[in-house]
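Participant: One structure, pasted below without further comment.
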Amino acid sequence: MCAFQSSRSGNVTGVSPRKSERIMNLAICLLMARRFIEKSQIRQVVEGYHDLSDSAFERTFERDKDELRAMGVPVETGSNNPLFPDEVGYRIRRKDFELPAIEFSPAETAALGLAATVWESATQAEQAVTALAKLRASGLDPDPARLDALAPSIGAREPAFASIWEATVDRAPIRFGYKGEQRRVEPWAMTYRRGAWYLLCRDRDKAEPRMFKVARVDAAAERIGKPGSYTVPDIDLDAAWSSLAPGQPDAEVVLAIRPGRAAELRRRGRPVTPEQEVPAGYDALSVSYARAGDLVGEVCAHGADVVVLAPPDVRRAVLTELRATARGAS
Amino acid sequence: MTSADQVNRLLALVPYLQSHPDAELGATAAVFGVSAEQLLDDLNVLWYCGLPGGMPGDLIEIDMETVAESGRIRLTNAEYLNRPVRFTPDEAMSLVVALRAVRELAGGHLAEGIESALAKLERAAGAGTPTAQVAVAGGSGEIREQLAEAAAAGELVELDYTDAGLAPSRPRVAPVKLITRDGFGYLQAWALDRAAWRTYRLDRIGGVARTGEPAGEVGDPPEFGPGWLEQRPDAAEVTLRLKPEASWITEYYPIRAVRREADALEVDLLVADPAWLRSLLLRLGRDVLAVLPAEAAAGAREAAAEALAAYGTE
């Protein structure tokens with residue numbers, strides 16, 4: 001034995017090496033099986049099971065099997081004997097276990113290499129790196145230098161992100177507080193837009209699809225059901241986004257904008273000839289908006305470059321804010 | 001890390017080491033995103049794994065002495081594990097989302113290549129992979145392709161640029177990188193007329209004119225991470241005391257510190273551009289309770305007075 005084995009009891013992460021060995025040996029045993037193997041046989045041949053008492057073996061074996069399934073290894077249950085279907089055994093079918101062989105072109109390969117660097121959240125970064133390592137194990141050799149000029153990134157700073165992401169992965173129903181209300185939902189999909197994460201899900205209490213902004217979820221979501229306990233319908237996320245995204249434009253405001261200024265508002269607007277008088281040196285545009293509060297803030301931010309012509313209530317709201325700023329806060 | 005994480009990795013490590021004979025310890029650890037110590041632990045676990053029965057010839061063989069002496073890993077007697085295990089649902093979703101983020105920044109032919117890679121990846125991951133999507137406001141694909149090509153070729157370009165609320169300009173720049181931050185795509189470039197690094201929001205670039213002129217050596221742009229403002233020597237710290245209604249700003253802007261009280265919150269911001277702070281204070285309006293230092297609010301006060309004048313006598 002060389003020096004490395006002597007450190008066996010004290011490893012770097014505190015994971016039990018015996019447990020990893022046992023699960024690994026169980027996976028190999030089930031993968032090599034041509035027929036379903038009964039539990040009693042597994043107990044005899046897989047290292048780590050024979051020293052256990054009957055009840056300890058039952059518990060350990062069930063847990064190990066669940067762990068394999070949770071990591072996506074398809075442990076099948078069945079019987080070899082159609083006359084005695086009660087004689088249950090286990091196996092792993094190779095074609096369900098192995099990553100299918102895929103050929104990637106050099107451009108595709110480079111993009112995959114770059115993808116592994118995108119996540120800012122350490123947990124998801126690890127997941128993407130392991131996925132890429134699996135592709136490398138199957139022969140992929142990415143050269144991200146080909147895409148030197150691209151450096152995309154995805155953040156996940158929302159406190160509730162991890163709990164909602166995991167529930168979406170596991171298809172587990174969850175409960176969370178949102179704007180002072182308790183929601184019970186079945187997560188379907190997540191989407192990252194304008195630098196923020198949104199959850200598309202079925203709201204159990206409203207019995208209809210909803211979109212929630214993850215940053216506004218009060219705290220980590222709590223699971224209220226088992227993984228895989230509902231089915232996710234086929235989703236067109238773009239369509240769902242345009243119909244369910246919080247705040248769709250449904251109101252119009254007429255603005256006077258100085259030429260060449262407020263590019264964002266100009267892009268969303270169309271030129272109009274309003275009833276009101278347009279101040280000299282301004283163009284009139286009609287702009288649609290979703291939330292009055294956001295629009296008022298956006299208009300104020302442009303100072304004298306943007307003046308509200310109509311409707312009167314938006315005009316009044318902008319004037320109130322501007323007066324407060326002109327007075328000064330303290 | 002759990003045993004499940006370790007076993008999942010081992011089921012990829014065994015085929016990897018067989019298709020990469022004499023793989024180097026450190027490089028292999030990097031491929032799997034773990035430390036060299038962790039990889040040694042992994043090898044020590046594998047040493048006890050193999051075909052059922054546990055006879056000496058059944059076990060996976062690793063030449064641990066060579067690992068110790070030369071840092072090279074030779075793994076044999078595991079031909080039955082020559083293909084990696086499938087992706088876990090979390091791995092598939094994390095990699096697919098990341099690839100979509102790459103696609104959002106790529107343009108033209110490259111974007112098509114990524115589309116096809118995504119389709120293959122989703123097929124490999126299998127049906128029932130959870131869905132997640134990414135959308136970046138990144139302007140037109142054609143402009144992104146032009147910029148990426150010019151960056152790769154080290155070529156100067158002229159941008160047709162409209163800054164937030166400012167008149168259009170035509171900066172001459174050496175494009176270096178396309179990046180995303182908070183849902184927007186940006187170009188990082190060396191601006192010749194200012195002799196400084198600048199970031200340009202991609203959706204505000206109306207056109208790119210290639211000049212065919214070499215950009216020369218411009219070096220690396222500053223890190224555009226969460227703390228990128230910190231590197232600007234002219235950035236100053238400003239503290240805003242706000243009504244609780246304004247807590248949305250912590251979701252939208254890089255904030256150094258937040259202190260929440262029952263009826264107010266205080267945020268510390270780094271401000272490099274007085275025009276940016278002026279806009280922010282105008283936007284916040286009545287939600288601003290106090291600004292420290294007080295003179296930081298002067299610009300917004302003047303701008304508000306000017307705006308009120310534009311409304312006439314109301």
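Following the order of the structure tokens, first chain is A, next is B, and so on, with residues numbered from 1 inside each chain and ligands from 1 in the order they appear.
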As a ChimeraX atom specification, which residues of region 52-271 of chain A does DSSP assign to strand (DSSP E or B)?

Facilitator: /A:75-78,89-92,98,119,150-151,154,174-178,181-193,196-203,208-213,217,222-223,251-257,269-271

Participant: Where in region 220-289 of chain A does DSSP assign alpha helix (DSSP H), given as a PDB file with N, CA and C atoms, in the first residue's frame?

Facilitator:
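Output file selection-v4.pdb is given in full below:
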ATOM      1  N   LEU A 237     -42.128  29.192 -23.165  1.00  0.00           N
ATOM      2  CA  LEU A 237     -41.772  30.186 -22.145  1.00  0.00           C
ATOM      3  C   LEU A 237     -41.933  31.619 -22.650  1.00  0.00           C
ATOM      4  N   ASP A 238     -41.647  31.837 -23.943  1.00  0.00           N
ATOM      5  CA  ASP A 238     -41.788  33.196 -24.471  1.00  0.00           C
ATOM      6  C   ASP A 238     -43.242  33.650 -24.424  1.00  0.00           C
ATOM      7  N   ALA A 239     -44.136  32.716 -24.813  1.00  0.00           N
ATOM      8  CA  ALA A 239     -45.566  33.058 -24.792  1.00  0.00           C
ATOM      9  C   ALA A 239     -46.022  33.280 -23.354  1.00  0.00           C
ATOM     10  N   ALA A 240     -45.551  32.402 -22.450  1.00  0.00           N
ATOM     11  CA  ALA A 240     -45.936  32.550 -21.048  1.00  0.00           C
ATOM     12  C   ALA A 240     -45.444  33.879 -20.504  1.00  0.00           C
ATOM     13  N   TRP A 241     -44.228  34.252 -20.913  1.00  0.00           N
ATOM     14  CA  TRP A 241     -43.663  35.508 -20.441  1.00  0.00           C
ATOM     15  C   TRP A 241     -44.527  36.678 -20.895  1.00  0.00           C
ATOM     16  N   SER A 242     -44.931  36.674 -22.177  1.00  0.00           N
ATOM     17  CA  SER A 242     -45.665  37.852 -22.631  1.00  0.00           C
ATOM     18  C   SER A 242     -47.074  37.900 -22.047  1.00  0.00           C
ATOM     19  N   SER A 243     -47.638  36.752 -21.644  1.00  0.00           N
ATOM     20  CA  SER A 243     -48.993  36.838 -21.090  1.00  0.00           C
ATOM     21  C   SER A 243     -48.992  36.940 -19.567  1.00  0.00           C
ATOM     22  N   LEU A 244     -47.932  36.428 -18.901  1.00  0.00           N
ATOM     23  CA  LEU A 244     -47.973  36.370 -17.436  1.00  0.00           C
ATOM     24  C   LEU A 244     -46.974  37.279 -16.735  1.00  0.00           C
ATOM     25  N   ALA A 263     -33.559  58.172 -24.953  1.00  0.00           N
ATOM     26  CA  ALA A 263     -33.620  57.185 -26.041  1.00  0.00           C
ATOM     27  C   ALA A 263     -34.552  56.014 -25.721  1.00  0.00           C
ATOM     28  N   GLU A 264     -34.528  55.545 -24.452  1.00  0.00           N
ATOM     29  CA  GLU A 264     -35.386  54.408 -24.073  1.00  0.00           C
ATOM     30  C   GLU A 264     -36.855  54.726 -24.296  1.00  0.00           C
ATOM     31  N   LEU A 265     -37.293  55.887 -23.806  1.00  0.00           N
ATOM     32  CA  LEU A 265     -38.700  56.275 -23.944  1.00  0.00           C
ATOM     33  C   LEU A 265     -39.049  56.466 -25.414  1.00  0.00           C
ATOM     34  N   ARG A 266     -38.128  57.062 -26.167  1.00  0.00           N
ATOM     35  CA  ARG A 266     -38.374  57.270 -27.598  1.00  0.00           C
ATOM     36  C   ARG A 266     -38.605  55.945 -28.304  1.00  0.00           C
ATOM     37  N   ARG A 267     -37.759  54.950 -27.952  1.00  0.00           N
ATOM     38  CA  ARG A 267     -37.872  53.661 -28.621  1.00  0.00           C
ATOM     39  C   ARG A 267     -39.244  53.025 -28.390  1.00  0.00           C
ATOM     40  N   ARG A 268     -39.790  53.226 -27.176  1.00  0.00           N
ATOM     41  CA  ARG A 268     -41.084  52.620 -26.841  1.00  0.00           C
ATOM     42  C   ARG A 268     -42.254  53.457 -27.352  1.00  0.00           C
TER      43      ARG A 268
END

Participant: Counting only C-alpha atoms, collect the residues of chain A whose closest atom lies at most 6 Å from chain B, and write them out as number ranges by chain.

Facilitator: A: 15, 17, 20-21, 25, 29, 45-46, 71-72, 97-100, 108, 115, 118, 124, 127-128, 130-131, 133-134, 137, 149-153, 169, 189-195, 260-263, 297, 300-301, 303-304, 321-322, 324-326, 329-330

Participant: Any idea what the distance is between CA of Ala215 (chain B) and CA of Val173 (chain B)?

Facilitator: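 So the two atoms, CA of Ala215 (chain B) and CA of Val173 (chain B), lie 8.2 Å apart.
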
Participant: For Val314 (chain A), work out the shell of residues within 12 Å, counting only C-alpha atoms and skipping chain neighbours fewer than 4 positions away, then give it as a list of chain:residue names.

Facilitator: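 Listing them by chain and then by number gives A:Ala251, A:Glu252, A:Val253, A:Val254, A:Leu255, A:Tyr289, A:Arg291, A:Ala292, A:Gly293, A:Asp294, A:Leu295, A:Val296, A:Gly297, A:Glu298, A:Val299, A:Cys300, A:Val307, A:Val308, A:Leu309, A:Ala310, A:Val318, A:Leu319, A:Thr320, A:Glu321.
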